file query25.cif (mmCIF, C-alpha atoms)
data_model
loop_
_atom_site.label_atom_id
_atom_site.label_comp_id
_atom_site.auth_asym_id
_atom_site.auth_seq_id
_atom_site.Cartn_x
_atom_site.Cartn_y
_atom_site.Cartn_z
CA MET A 25 106.83 117.44 108.96
CA THR A 26 105.75 115.77 105.73
CA LYS A 27 103.20 117.75 103.73
CA SER A 28 99.74 116.32 103.16
CA LYS A 29 96.93 117.50 100.93
CA SER A 30 94.31 116.90 103.63
CA LEU A 31 96.37 118.11 106.64
CA GLN A 32 95.12 121.31 108.28
CA MET A 33 96.32 123.26 111.29
CA LEU A 34 94.14 122.55 114.33
CA PRO A 35 91.96 125.64 114.99
CA ASP A 36 91.49 126.96 118.53
CA ASN A 37 87.75 126.37 118.35
CA LEU A 38 86.98 123.29 116.28
CA GLU A 39 83.31 122.91 115.47
CA ASP A 40 81.80 119.70 116.84
CA GLN A 41 81.55 116.76 114.47
CA GLN A 42 79.32 113.81 115.32
CA LEU A 43 81.17 110.69 116.42
CA PRO A 44 80.05 107.56 114.53
CA THR A 45 78.10 104.94 116.46
CA LEU A 46 80.45 101.97 116.65
CA PRO A 47 80.18 98.44 118.09
CA VAL A 48 80.81 98.24 121.84
CA HIS A 49 83.62 95.75 121.17
CA ALA A 50 85.54 98.34 119.15
CA ASN A 51 87.30 99.75 122.22
CA ILE A 52 88.74 96.31 123.00
CA GLU A 53 89.51 94.95 119.54
CA HIS A 54 89.66 96.17 115.96
CA VAL A 55 86.38 95.80 114.08
CA ALA A 56 85.44 96.12 110.42
CA PRO A 57 82.17 96.50 108.49
CA ASN A 58 81.57 93.31 106.52
CA SER A 59 81.07 95.36 103.36
CA CYS A 60 84.76 96.35 103.55
CA LEU A 61 85.87 92.73 103.96
CA GLN A 62 83.58 91.07 101.41
CA SER A 63 84.48 93.26 98.45
CA ALA A 64 87.29 94.76 96.39
CA LEU A 65 86.84 98.21 97.97
CA PHE A 66 90.23 97.70 99.63
CA GLY A 67 91.68 95.62 96.83
CA LEU A 68 95.03 94.35 95.60
CA ILE A 69 96.97 97.04 93.78
CA GLU A 70 100.40 96.44 92.31
CA LYS A 71 103.03 99.07 93.09
CA GLY A 72 102.84 101.94 90.61
CA THR A 73 99.43 100.96 89.19
CA ARG A 74 97.10 102.86 91.55
CA LYS A 75 94.50 104.80 89.53
CA TYR A 76 91.92 107.51 90.11
CA VAL A 77 88.46 106.13 89.35
CA LYS A 78 85.05 107.81 89.16
CA GLN A 79 81.84 106.08 90.25
CA GLN A 80 83.41 102.70 89.63
CA LYS A 81 81.32 99.65 90.51
CA VAL A 82 83.27 97.51 92.97
CA ALA A 83 83.12 93.71 92.98
CA SER A 84 81.35 92.49 96.11
CA LEU A 85 79.58 89.55 97.75
CA ASN A 86 76.18 88.81 99.27
CA GLY A 87 74.08 91.52 97.66
CA ILE A 88 76.42 94.34 98.71
CA GLU A 89 76.65 97.06 96.07
CA ILE A 90 79.52 99.56 96.10
CA TRP A 91 80.45 102.52 93.89
CA TYR A 92 83.72 104.35 94.47
CA THR A 93 85.25 107.67 93.40
CA GLY A 94 88.85 108.51 94.29
CA GLU A 95 92.30 106.95 94.29
CA GLN A 96 91.99 103.18 94.48
CA LEU A 97 92.31 101.75 98.00
CA ASP A 98 94.33 98.71 99.07
CA GLN A 99 94.86 96.64 102.20
CA SER A 100 97.35 99.10 103.70
CA ASP A 101 94.63 101.74 103.48
CA LEU A 102 92.32 99.33 105.30
CA ASP A 103 94.92 98.93 108.07
CA VAL A 104 94.82 102.69 108.65
CA PHE A 105 91.03 102.90 108.43
CA LEU A 106 90.51 100.09 110.94
CA HIS A 107 93.04 101.50 113.40
CA ALA A 108 91.43 104.95 113.14
CA ILE A 109 88.09 103.33 114.01
CA HIS A 110 89.72 101.61 116.99
CA LEU A 111 91.25 104.87 118.29
CA THR A 112 87.92 106.66 117.96
CA THR A 113 86.35 104.43 120.63
CA ASP A 114 88.86 105.40 123.34
CA LYS A 115 87.54 108.45 125.21
CA LYS A 116 91.08 109.38 126.26
CA ASN A 117 91.83 110.19 122.61
CA ILE A 118 88.83 112.48 122.07
CA GLN A 119 89.63 116.20 121.90
CA PRO A 120 87.38 119.28 121.56
CA GLY A 121 85.31 119.04 118.38
CA ASN A 122 85.43 115.24 118.74
CA ALA A 123 88.82 115.09 117.02
CA VAL A 124 90.73 111.88 117.76
CA ARG A 125 94.29 112.63 118.84
CA PHE A 126 97.04 110.15 118.04
CA SER A 127 100.79 109.77 118.05
CA MET A 128 102.40 109.38 114.63
CA ASN A 129 104.90 106.81 115.94
CA GLY A 130 102.20 104.95 117.87
CA PHE A 131 99.95 104.74 114.80
CA LEU A 132 102.79 103.47 112.62
CA ALA A 133 103.85 100.85 115.18
CA ALA A 134 100.26 99.62 115.60
CA THR A 135 99.91 99.08 111.85
CA GLY A 136 103.28 97.34 111.53
CA LYS A 137 104.95 100.14 109.58
CA THR A 138 108.40 101.70 109.88
CA VAL A 139 108.60 104.51 112.42
CA GLY A 140 110.31 107.56 110.96
CA GLY A 141 110.22 109.80 107.90
CA SER A 142 109.26 107.17 105.34
CA GLY A 143 106.51 105.81 107.57
CA GLU A 144 105.15 109.30 108.22
CA LYS A 145 105.04 110.05 104.50
CA TRP A 146 103.22 106.76 103.90
CA LEU A 147 100.61 107.46 106.59
CA MET A 148 99.97 110.97 105.30
CA GLY A 149 99.40 109.57 101.82
CA VAL A 150 96.92 106.99 103.10
CA ILE A 151 94.95 109.58 105.06
CA ASP A 152 94.82 111.74 101.94
CA ARG A 153 93.19 108.87 100.03
CA LEU A 154 90.73 108.06 102.81
CA ALA A 155 89.69 111.71 103.10
CA ALA A 156 89.57 112.61 99.39
CA ASN A 157 87.07 110.02 98.17
CA MET A 158 83.37 109.27 97.87
CA VAL A 159 82.02 105.82 98.71
CA TYR A 160 78.45 104.66 98.13
CA ILE A 161 77.53 101.36 99.75
CA GLU A 162 74.14 99.64 99.62
CA VAL A 163 73.72 96.76 102.05
CA PRO A 164 70.63 94.55 102.44
CA ASP A 165 68.98 94.20 105.84
CA SER A 166 68.56 90.48 106.49
CA TYR A 167 65.73 91.25 108.91
CA THR A 168 63.53 93.59 106.87
CA GLY A 169 64.72 92.95 103.32
CA LYS A 170 65.20 96.70 102.83
CA ARG A 171 68.46 98.20 101.57
CA GLN A 172 70.47 100.86 103.38
CA MET A 173 72.71 103.37 101.63
CA TYR A 174 75.88 104.92 103.00
CA GLY A 175 77.44 107.78 101.06
CA GLY A 176 80.48 109.83 102.02
CA SER A 177 84.22 109.87 102.56
CA LEU A 178 85.78 107.55 105.13
CA ILE A 179 87.84 110.18 106.99
CA HIS A 180 86.17 113.57 107.46
CA ASP A 181 89.24 115.70 108.21
CA PHE A 182 92.79 115.62 109.58
CA TYR A 183 94.70 118.13 111.75
CA TYR A 184 98.12 118.92 113.19
CA ASP A 185 98.53 120.84 116.45
CA TYR A 186 101.79 122.80 116.51
CA LYS A 187 101.38 123.56 120.22
CA THR A 188 101.41 119.92 121.31
CA GLU A 189 103.02 118.47 118.15
CA THR A 190 100.24 115.92 117.89
CA TYR A 191 97.93 114.79 115.09
CA SER A 192 94.20 114.26 115.11
CA LEU A 193 91.53 113.07 112.70
CA ARG A 194 87.79 112.69 112.53
CA LEU A 195 85.93 109.86 110.86
CA ASN A 196 82.77 110.44 108.89
CA GLY A 197 80.05 110.75 111.52
CA SER A 198 77.71 108.50 109.52
CA LEU A 199 80.04 105.50 109.42
CA GLY A 200 77.97 103.69 112.03
CA ALA A 201 75.45 102.87 109.30
CA LEU A 202 77.96 100.42 107.78
CA PHE A 203 78.26 98.51 111.06
CA GLU A 204 74.49 98.24 111.46
CA ARG A 205 74.41 95.76 108.57
CA GLY A 206 77.16 93.49 109.81
CA TRP A 207 80.65 93.67 111.25
CA THR A 208 83.53 91.38 112.17
CA SER A 209 86.16 91.37 114.90
CA VAL A 210 89.62 91.45 113.33
CA GLN A 211 92.44 89.39 114.82
CA TRP A 212 94.76 92.38 114.68
CA GLU A 213 98.08 90.77 115.63
CA GLN A 214 97.50 88.09 113.00
CA ARG A 215 96.63 90.67 110.37
CA VAL A 216 99.66 92.86 111.04
CA SER A 217 101.95 89.81 110.90
CA LEU A 218 100.77 88.72 107.45
CA SER A 219 103.33 89.00 104.68
CA ASN A 220 101.31 90.41 101.77
CA ASN A 221 98.08 92.14 100.76
CA LEU A 222 96.41 89.01 99.39
CA SER A 223 96.96 87.28 102.73
CA LYS A 224 95.37 90.25 104.48
CA TRP A 225 92.41 90.32 102.10
CA LEU A 226 91.79 86.58 102.55
CA HIS A 227 92.15 86.94 106.33
CA GLY A 228 89.39 89.54 106.44
CA PHE A 229 87.21 87.80 103.86
CA TYR A 230 87.10 84.40 105.56
CA ASN A 231 86.78 85.86 109.06
CA SER A 232 83.73 87.83 107.95
CA MET A 233 81.78 84.75 106.85
CA GLN A 234 79.49 82.77 109.15
CA THR A 235 79.74 79.73 106.90
CA ILE A 236 82.47 79.21 104.34
CA PHE A 237 81.38 77.57 101.10
CA PRO A 238 83.75 76.27 98.39
CA MET A 239 84.51 79.08 95.95
CA GLN A 240 86.08 79.19 92.51
CA VAL A 241 89.59 80.61 92.32
CA SER A 242 88.37 82.93 89.54
CA LYS A 243 85.68 84.31 91.87
CA LEU A 244 88.27 85.10 94.54
CA LEU A 245 90.36 86.89 91.91
CA GLU A 246 87.35 89.06 91.07
CA LEU A 247 86.29 89.78 94.67
CA SER A 248 89.81 90.66 95.80
CA GLY A 249 90.23 93.24 93.04
CA SER A 250 93.48 91.61 91.98
CA SER A 251 95.17 93.06 88.91
CA CYS A 252 96.79 89.71 88.21
CA GLY A 253 96.57 89.20 84.47
CA ARG A 254 96.61 85.40 84.43
CA LEU A 255 94.53 83.08 86.57
CA SER A 256 97.49 80.69 86.92
CA ASP A 257 99.59 83.50 88.46
CA PHE A 258 96.80 84.39 90.87
CA ARG A 259 96.35 80.73 91.82
CA ARG A 260 100.07 80.50 92.63
CA ALA A 261 99.90 83.62 94.79
CA LEU A 262 96.71 82.31 96.41
CA ARG A 263 98.45 79.09 97.48
CA ARG A 264 101.27 81.05 99.13
CA SER A 265 98.84 83.36 100.91
CA LEU A 266 96.67 80.52 102.20
CA ASP A 267 99.80 78.83 103.53
CA ASN A 268 100.60 82.14 105.25
CA LEU A 269 97.18 82.07 106.96
CA VAL A 270 97.81 78.54 108.20
CA GLU A 271 101.24 79.56 109.52
CA VAL A 272 99.82 82.39 111.66
CA GLY A 273 96.96 80.24 112.97
CA ALA A 274 94.15 81.91 111.03
CA LEU A 275 93.19 78.69 109.19
CA LYS A 276 93.55 75.00 109.96
CA SER A 277 93.89 73.84 106.36
CA TRP A 278 92.87 74.45 102.75
CA THR A 279 92.63 72.51 99.48
CA ILE A 280 91.85 73.19 95.81
CA ASP A 281 89.67 70.51 94.20
CA ASN A 282 89.47 69.32 90.58
CA GLU A 283 86.86 72.00 89.81
CA ASP A 284 89.31 74.73 90.91
CA LYS A 285 87.30 75.47 94.06
CA ILE A 286 88.93 76.46 97.33
CA HIS A 287 87.89 74.51 100.44
CA ILE A 288 88.70 76.13 103.79
CA VAL A 289 88.82 74.60 107.27
CA ARG A 290 88.90 77.07 110.16
CA LEU A 291 90.33 76.32 113.58
CA GLN A 292 87.12 77.46 115.27
CA THR A 293 83.75 78.93 114.36
CA LYS A 294 83.98 82.68 113.86
CA LYS A 295 81.12 84.73 115.23
CA VAL A 296 80.08 87.41 112.77
CA ILE A 297 77.61 90.03 113.96
CA GLU A 298 74.88 90.66 111.40
CA LYS A 299 73.24 93.72 112.85
CA THR A 300 73.60 94.67 116.50
CA VAL A 301 75.88 97.58 117.37
#

call {"tool": "encode", "arguments": {"input": "query25.cif", "output": "structure tokens"}}
result
Amino acid sequence: MTKSKSLQMLPDNLEDQQLPTLPVHANIEHVAPNSCLQSALFGLIEKGTRKYVKQQKVASLNGIEIWYTGEQLDQSDLDVFLHAIHLTTDKKNIQPGNAVRFSMNGFLAATGKTVGGSGEKWLMGVIDRLAANMVYIEVPDSYTGKRQMYGGSLIHDFYYDYKTETYSLRLNGSLGALFERGWTSVQWEQRVSLSNNLSKWLHGFYNSMQTIFPMQVSKLLELSGSSCGRLSDFRRALRRSLDNLVEVGALKSWTIDNEDKIHIVRLQTKKVIEKTV
């Protein structure tokens, strides 16, 4: 078994932890808070460049304000976070103490990762990052105009049961607050099939928007958290990723105009939930 900083042995009597209130659709499909899709919280990190940051302001859209402390997160981390949310809604997975039991191989297969030692090591590393962080998110309420704050880690704790040789985790019990201010259904098979992190970020970003307005390439670079040093390099990668979205059926078409703005045409109108859970 691969070692993990956050992994603990499952105690015989695990104290109850509140389950987060999640959208009713979450047991059927993967869902994501819009604040995670419309920001650089789960950004684009080149291999070997991941950093530890403290109270770093994260680029975001639509009045969302995010501060983050911990190892930087990327789209692979978001894959794990979203699948953990999905598993939490299935009552068959819930164990004493409200721990969510899962199969290592099943989790890896669901997120499109290699089953085996390397995949296990990867998943342990991701869970470490999701557990050993502090995220503050302020989201405006479109109904009242007030702002709501979420503060905490994304995964509360993580266990291994030697008796059954199974793993379990618990999300932060307050995560439901993020969904109260907007969430999006994720086309999971499309997402897992995408070839790179920029494609995944764009997939989530455009799916989370009720109406898509033309946006500067430079603004997308900022919002995605890309470490690309030159705008021309990012634009080249952006073209490839948008083509990838068209190939998997996530978009109908796209163009870049003379003002360097991206225009997107979706295949159908995407329903984004603004508040109801």

call {"tool": "residues_around", "arguments": {"input": "query25.cif", "residues": "A:Gly200", "least_positions_apart": "5", "cutoff": "10 Å", "atoms": "only C-alpha atoms", "output": "list in words"}}
result
Leu43, Pro44, Thr45, Leu46, Pro47, Pro57, Tyr174, Arg205 and Val301 of chain A

call {"tool": "resolve_selection", "arguments": {"input": "query25.cif", "expression": "the PyMOL selection byres ((chain A and resi 181) around 7)", "output": "ChimeraX atom specification"}}
result
/A:30,155,179-180,182-183,193-194

call {"tool": "resolve_selection", "arguments": {"input": "query25.cif", "expression": "the PyMOL selection byres ((chain A and resi 192) around 12)", "output": "ChimeraX atom specification"}}
result
/A:30-35,38,108,111-112,117-128,131,148,151,179-186,188-191,193-195

call {"tool": "atom_distance", "arguments": {"input": "query25.cif", "atom1": "atom CA of A:Asp114", "atom2": "atom CA of A:Val216"}}
result
20.6 Å

call {"tool": "atom_distance", "arguments": {"input": "query25.cif", "atom1": "atom CA of A:Lys276", "atom2": "atom CA of A:Val289"}}
result
5.5 Å

call {"tool": "atom_distance", "arguments": {"input": "query25.cif", "atom1": "atom CA of A:Val150", "atom2": "atom CA of A:Leu132"}}
result
11.7 Å

call {"tool": "closest_residue", "arguments": {"input": "query25.cif", "among": "A:Phe105, A:Trp225, A:Phe203, A:Trp91", "to": "A:Val159", "atoms": "only C-alpha atoms"}}
result
A:Trp91

call {"tool": "closest_residue", "arguments": {"input": "query25.cif", "among": "A:Asn231, A:Gln41, A:Ala274, A:Ser142", "to": "A:Ser198", "atoms": "all atoms listed in the file"}}
result
A:Gln41

call {"tool": "closest_atom_pairs", "arguments": {"input": "query25.cif", "of": "stretch 64-183 of chain A", "to": "stretch 252-264 of chain A", "cutoff": "12 Å", "atoms": "all atoms listed in the file", "output": "Markdown table"}}
result
| residue | atom | partner | partner_atom | distance |
| --- | --- | --- | --- | --- |
| A:Gly67 | CA | A:Cys252 | CA | 11.6 |
| A:Leu68 | CA | A:Cys252 | CA | 8.9 |
| A:Ile69 | CA | A:Cys252 | CA | 9.2 |
| A:Glu70 | CA | A:Cys252 | CA | 8.7 |
| A:Thr73 | CA | A:Cys252 | CA | 11.6 |

call {"tool": "resolve_selection", "arguments": {"input": "query25.cif", "expression": "the PyMOL selection byres ((chain A and resi 136) around 12)", "output": "list in words"}}
result
Ser100, Asp103, Val104, His107, Asn129, Gly130, Phe131, Leu132, Ala133, Ala134, Thr135, Lys137, Thr138, Val139, Gly143, Leu147, Trp212, Glu213, Gln214, Arg215, Val216, Ser217, Leu218 and Ser219 of chain A

call {"tool": "closest_residue", "arguments": {"input": "query25.cif", "among": "A:Ile90, A:Leu266, A:Ile109, A:Leu226", "to": "A:Val48", "atoms": "only C-alpha atoms"}}
result
A:Ile109

call {"tool": "closest_residue", "arguments": {"input": "query25.cif", "among": "A:Ser277, A:Ser177, A:Gln172, A:Gln42", "to": "A:Thr93", "atoms": "only C-alpha atoms"}}
result
A:Ser177

call {"tool": "residues_around", "arguments": {"input": "query25.cif", "residues": "A:Gln80", "least_positions_apart": "6", "cutoff": "12 Å", "atoms": "only C-alpha atoms", "output": "number ranges by chain"}}
result
A: 64-65, 89-96, 157-161

call {"tool": "axis_aligned_box", "arguments": {"input": "query25.cif", "around": "stretch 122-127 of chain A", "padding_each_side": "3 Å", "output": "JSON"}}
result
{"center_x": 93.1, "center_y": 112.5, "center_z": 117.9, "size_x": 21.4, "size_y": 11.5, "size_z": 7.8}
